[in-house]
Amino acid sequence: MSRAPSKVRPFSFSLRDLAVSAGIFLCAAILCFLLRMADSSEGFAAPVFVLAVLLISRFTTGYLYGVLASVLSVVAINYIFTYPYWAFNFTLSGYPLTFLTLLGVSLLTCTMTTKIKEQERMRAESEKEKMRANLLRSVSHDIRTPLTSIVGATSAVLETPGLSEEEKRAFLEDAREEAQWLIRLVENLLSITRIGDDSTQIVKQEEAAEEILGEAARKFRKRFPRIRVAVSVPDELLLVPMDAILIEQVLGNLLENAAIHGETTTQIDLSVRREGREAVFSVRDNGRGIPARELPRLFDGTLGHSETPSGDGKRNMGLGLSVCMAIVRAHGGAMQARNLSGGAEFIFRLPLSEKESVTS
């Protein structure tokens, strides 16, 4: 059940907004002092404080700080930056107009900013709902199919007399393969649920990229021993801020996708490298590549069962890749896919820590 987008309270208090407002207002006052020292003429204070009110209204939430900035700006212009200095003079011509102008700028900017933030929040909620809908559509079929196969295989072993040991083993291997795929599906479901929960934050720690790649390759080799996996890492230790379990799941999904949907895949190259302020992970295979019609929709979870090349319905790569994209985005990264002359390549980028970026 989805939650309605939270409303922006017009006059909510926030220490962060207070600090932002105080900083901008102080900068405006310092700038006016400097301008007055450089030029004895008046008239520069009003435009500076109009800009300050505009910035405060833009970068704070609600109307409280914009309105306060308008009032304080009028007071500062009258008391500090208009002759006689350090004294109020309410007989100045245009004084009411200055106040009304600043107040109007504040209210207009606050209203526009509040609407923009509300639209962004609604758009984010809509994207989450789309992900949930795609997930439910995929799961409704994906779970039923392998469970049916498992029940059929185990029933055949238990209820069919006269089966040879080889036949029993074949049925049990089929059941194990379906169970392993179900485990992967459940992991994807848990990850989407975790990422879609606003109360849950991804906890990132600096992890050695080569260890994550090695563990993902080790698990993949156990499931697909006939496919060669070459792991390539930089000579120096590359520490990447990440949730190690989630990124390992991304690599596992991509490796499994290359093995199953590549169809003719016999070799997979798994690598990571540093490019500026990013760590670039790559999964490259020598399979059949990605159909051109599927490339634009690889990561949105909309690929239907009938569109998957295996034709069995349960090997839907749309769900796994949409999970990969969600995890990478939650880490502040980006993902893309492309066809090669022989095979396909999936690349995702994760931002490095400030320490790692400086040494690059």
# chains A, B, ... in the order shown; residues from 1 in each chain; ligands from 1
call {"tool": "residues_around", "arguments": {"residues": "A:Ser21", "least_positions_apart": "2", "cutoff": "9 Å", "atoms": "only C-alpha atoms", "output": "ChimeraX atom specification"}}
result
/A:16-19,23-26,52-53,55-57,59-60,65-66,69
call {"tool": "write_last_selection", "arguments": {"atoms": "all heavy atoms", "output": "tab-separated table (two decimals), in the first residue's frame"}}
result
chain	number	residue	atom	x	y	z
A	16	ARG	N	18.18	23.58	9.54
A	16	ARG	CA	18.92	23.68	8.28
A	16	ARG	C	18.50	24.92	7.51
A	16	ARG	O	19.35	25.68	7.02
A	16	ARG	CB	18.67	22.41	7.47
A	16	ARG	CG	19.33	22.42	6.09
A	16	ARG	CD	18.27	22.51	5.02
A	16	ARG	NE	18.82	22.62	3.70
A	16	ARG	CZ	18.24	23.26	2.70
A	16	ARG	NH1	17.07	23.89	2.91
A	16	ARG	NH2	18.79	23.32	1.52
A	17	ASP	N	17.18	25.17	7.41
A	17	ASP	CA	16.70	26.37	6.72
A	17	ASP	C	17.12	27.65	7.45
A	17	ASP	O	17.43	28.67	6.82
A	17	ASP	CB	15.17	26.33	6.60
A	17	ASP	CG	14.70	25.28	5.61
A	17	ASP	OD1	15.53	24.82	4.81
A	17	ASP	OD2	13.51	24.93	5.64
A	18	LEU	N	17.14	27.59	8.79
A	18	LEU	CA	17.58	28.75	9.57
A	18	LEU	C	19.04	29.08	9.27
A	18	LEU	O	19.40	30.26	9.10
A	18	LEU	CB	17.38	28.47	11.06
A	18	LEU	CG	17.81	29.59	12.02
A	18	LEU	CD1	16.99	30.85	11.75
A	18	LEU	CD2	17.65	29.13	13.47
A	19	ALA	N	19.87	28.03	9.20
A	19	ALA	CA	21.30	28.25	8.91
A	19	ALA	C	21.49	28.81	7.51
A	19	ALA	O	22.31	29.72	7.28
A	19	ALA	CB	22.07	26.94	9.09
A	23	GLY	N	23.02	32.50	6.72
A	23	GLY	CA	24.23	32.62	5.90
A	23	GLY	C	24.04	33.55	4.72
A	23	GLY	O	24.89	34.41	4.44
A	24	ILE	N	22.91	33.39	4.00
A	24	ILE	CA	22.65	34.25	2.84
A	24	ILE	C	22.47	35.70	3.28
A	24	ILE	O	23.00	36.63	2.65
A	24	ILE	CB	21.41	33.75	2.08
A	24	ILE	CG1	21.69	32.36	1.48
A	24	ILE	CG2	21.02	34.73	0.98
A	24	ILE	CD1	20.49	31.74	0.80
A	25	PHE	N	21.72	35.91	4.38
A	25	PHE	CA	21.47	37.28	4.85
A	25	PHE	C	22.78	37.94	5.30
A	25	PHE	O	23.01	39.12	5.02
A	25	PHE	CB	20.46	37.25	6.02
A	25	PHE	CG	19.85	38.58	6.32
A	25	PHE	CD1	18.74	39.01	5.62
A	25	PHE	CD2	20.39	39.43	7.28
A	25	PHE	CE1	18.15	40.25	5.87
A	25	PHE	CE2	19.82	40.66	7.54
A	25	PHE	CZ	18.70	41.07	6.84
A	26	LEU	N	23.63	37.18	5.97
A	26	LEU	CA	24.91	37.73	6.41
A	26	LEU	C	25.79	38.10	5.22
A	26	LEU	O	26.45	39.16	5.22
A	26	LEU	CB	25.62	36.70	7.30
A	26	LEU	CG	26.98	37.12	7.88
A	26	LEU	CD1	26.81	38.35	8.76
A	26	LEU	CD2	27.60	35.98	8.67
A	52	ALA	N	18.98	38.53	-2.03
A	52	ALA	CA	19.07	37.68	-0.84
A	52	ALA	C	17.72	37.04	-0.52
A	52	ALA	O	17.64	35.84	-0.21
A	52	ALA	CB	19.58	38.50	0.34
A	53	VAL	N	16.66	37.83	-0.58
A	53	VAL	CA	15.32	37.30	-0.32
A	53	VAL	C	14.96	36.23	-1.33
A	53	VAL	O	14.37	35.19	-1.01
A	53	VAL	CB	14.29	38.44	-0.32
A	53	VAL	CG1	12.86	37.88	-0.31
A	53	VAL	CG2	14.50	39.36	0.87
A	55	LEU	N	17.03	34.24	-2.98
A	55	LEU	CA	17.80	33.02	-2.71
A	55	LEU	C	17.28	32.30	-1.48
A	55	LEU	O	17.17	31.06	-1.47
A	55	LEU	CB	19.28	33.37	-2.53
A	55	LEU	CG	20.01	33.89	-3.78
A	55	LEU	CD1	21.44	34.30	-3.44
A	55	LEU	CD2	20.01	32.83	-4.88
A	56	ILE	N	16.96	33.04	-0.43
A	56	ILE	CA	16.43	32.42	0.79
A	56	ILE	C	15.10	31.73	0.50
A	56	ILE	O	14.86	30.60	0.95
A	56	ILE	CB	16.27	33.47	1.90
A	56	ILE	CG1	17.66	33.93	2.39
A	56	ILE	CG2	15.47	32.92	3.07
A	56	ILE	CD1	17.62	35.10	3.36
A	57	SER	N	14.25	32.37	-0.25
A	57	SER	CA	12.95	31.77	-0.59
A	57	SER	C	13.13	30.52	-1.44
A	57	SER	O	12.35	29.57	-1.33
A	57	SER	CB	12.08	32.79	-1.34
A	57	SER	OG	11.88	33.95	-0.55
A	59	PHE	N	15.86	28.40	-1.51
A	59	PHE	CA	16.58	27.29	-0.89
A	59	PHE	C	16.06	26.90	0.49
A	59	PHE	O	16.72	26.16	1.19
A	59	PHE	CB	18.07	27.62	-0.82
A	59	PHE	CG	18.72	27.71	-2.17
A	59	PHE	CD1	19.13	28.93	-2.68
A	59	PHE	CD2	18.89	26.57	-2.95
A	59	PHE	CE1	19.72	29.01	-3.93
A	59	PHE	CE2	19.48	26.65	-4.19
A	59	PHE	CZ	19.89	27.87	-4.70
A	60	THR	N	14.92	27.44	0.89
A	60	THR	CA	14.29	27.01	2.14
A	60	THR	C	12.90	26.46	1.84
A	60	THR	O	12.36	26.66	0.75
A	60	THR	CB	14.19	28.18	3.14
A	60	THR	OG1	13.43	29.25	2.57
A	60	THR	CG2	15.57	28.68	3.53
A	65	TYR	N	10.80	31.59	6.24
A	65	TYR	CA	12.10	32.27	6.16
A	65	TYR	C	12.11	33.33	5.08
A	65	TYR	O	12.81	34.34	5.21
A	65	TYR	CB	13.21	31.23	5.94
A	65	TYR	CG	13.31	30.27	7.10
A	65	TYR	CD1	12.66	29.04	7.06
A	65	TYR	CD2	14.00	30.62	8.25
A	65	TYR	CE1	12.73	28.16	8.12
A	65	TYR	CE2	14.07	29.75	9.32
A	65	TYR	CZ	13.43	28.52	9.26
A	65	TYR	OH	13.48	27.67	10.32
A	66	GLY	N	11.34	33.13	4.01
A	66	GLY	CA	11.26	34.16	3.00
A	66	GLY	C	10.59	35.42	3.51
A	66	GLY	O	11.03	36.55	3.25
A	69	ALA	N	12.89	37.11	5.97
A	69	ALA	CA	13.97	37.78	5.24
A	69	ALA	C	13.49	39.09	4.64
A	69	ALA	O	14.23	40.08	4.59
A	69	ALA	CB	14.51	36.85	4.15
call {"tool": "select_by_dssp", "arguments": {"residues": "stretch 203-311 of chain A", "states": "strand (DSSP E)", "output": "JSON, numbers by chain"}}
result
{"A": [205, 206, 207, 208, 228, 229, 230, 231, 232, 239, 240, 241, 242, 267, 268, 269, 270, 271, 272, 273, 274, 275, 278, 279, 280, 281, 282, 283, 284, 285]}
call {"tool": "closest_residue", "arguments": {"among": "A:Glu345, A:Asp243, A:His331, A:Glu165", "to": "A:Arg284", "atoms": "only C-alpha atoms"}}
result
A:Glu345
call {"tool": "closest_residue", "arguments": {"among": "A:Asp235, A:Phe299, A:Ser73, A:Ala38", "to": "A:Ala22", "atoms": "only C-alpha atoms"}}
result
A:Ser73
call {"tool": "atom_distance", "arguments": {"atom1": "atom CA of A:Ala230", "atom2": "atom CA of A:Gln267"}}
result
7.7 Å
call {"tool": "closest_residue", "arguments": {"among": "A:Leu251, A:Ala217, A:Leu270, A:Leu298", "to": "A:Val328", "atoms": "only C-alpha atoms"}}
result
A:Leu251
call {"tool": "atom_distance", "arguments": {"atom1": "atom CA of A:Ile150", "atom2": "atom CA of A:Glu167"}}
result
14.9 Å
call {"tool": "residues_around", "arguments": {"residues": "A:Lys222", "least_positions_apart": "5", "cutoff": "12 Å", "atoms": "only C-alpha atoms", "output": "PDB file with C-alpha atoms, in the first residue's frame"}}
result
ATOM      1  CA  GLU A 177      17.745 -25.317 -10.437  1.00  0.00           C
ATOM      2  CA  GLN A 180      18.028 -21.580  -6.916  1.00  0.00           C
ATOM      3  CA  GLU A 215      32.846 -13.259  -4.410  1.00  0.00           C
ATOM      4  CA  ALA A 216      30.326 -12.655  -7.207  1.00  0.00           C
ATOM      5  CA  ALA A 217      32.475 -14.678  -9.633  1.00  0.00           C
ATOM      6  CA  ILE A 227      31.165 -20.654 -18.497  1.00  0.00           C
ATOM      7  CA  ARG A 228      34.603 -19.132 -18.013  1.00  0.00           C
ATOM      8  CA  VAL A 229      34.778 -15.956 -15.926  1.00  0.00           C
ATOM      9  CA  GLY A 252      25.183 -11.625  -9.705  1.00  0.00           C
ATOM     10  CA  GLU A 256      23.251 -14.608 -14.598  1.00  0.00           C
TER      11      GLU A 256
END
call {"tool": "closest_residue", "arguments": {"among": "A:Met242, A:Ile143, A:Ala133, A:Ala45", "to": "A:Leu31", "atoms": "only C-alpha atoms"}}
result
A:Ala45
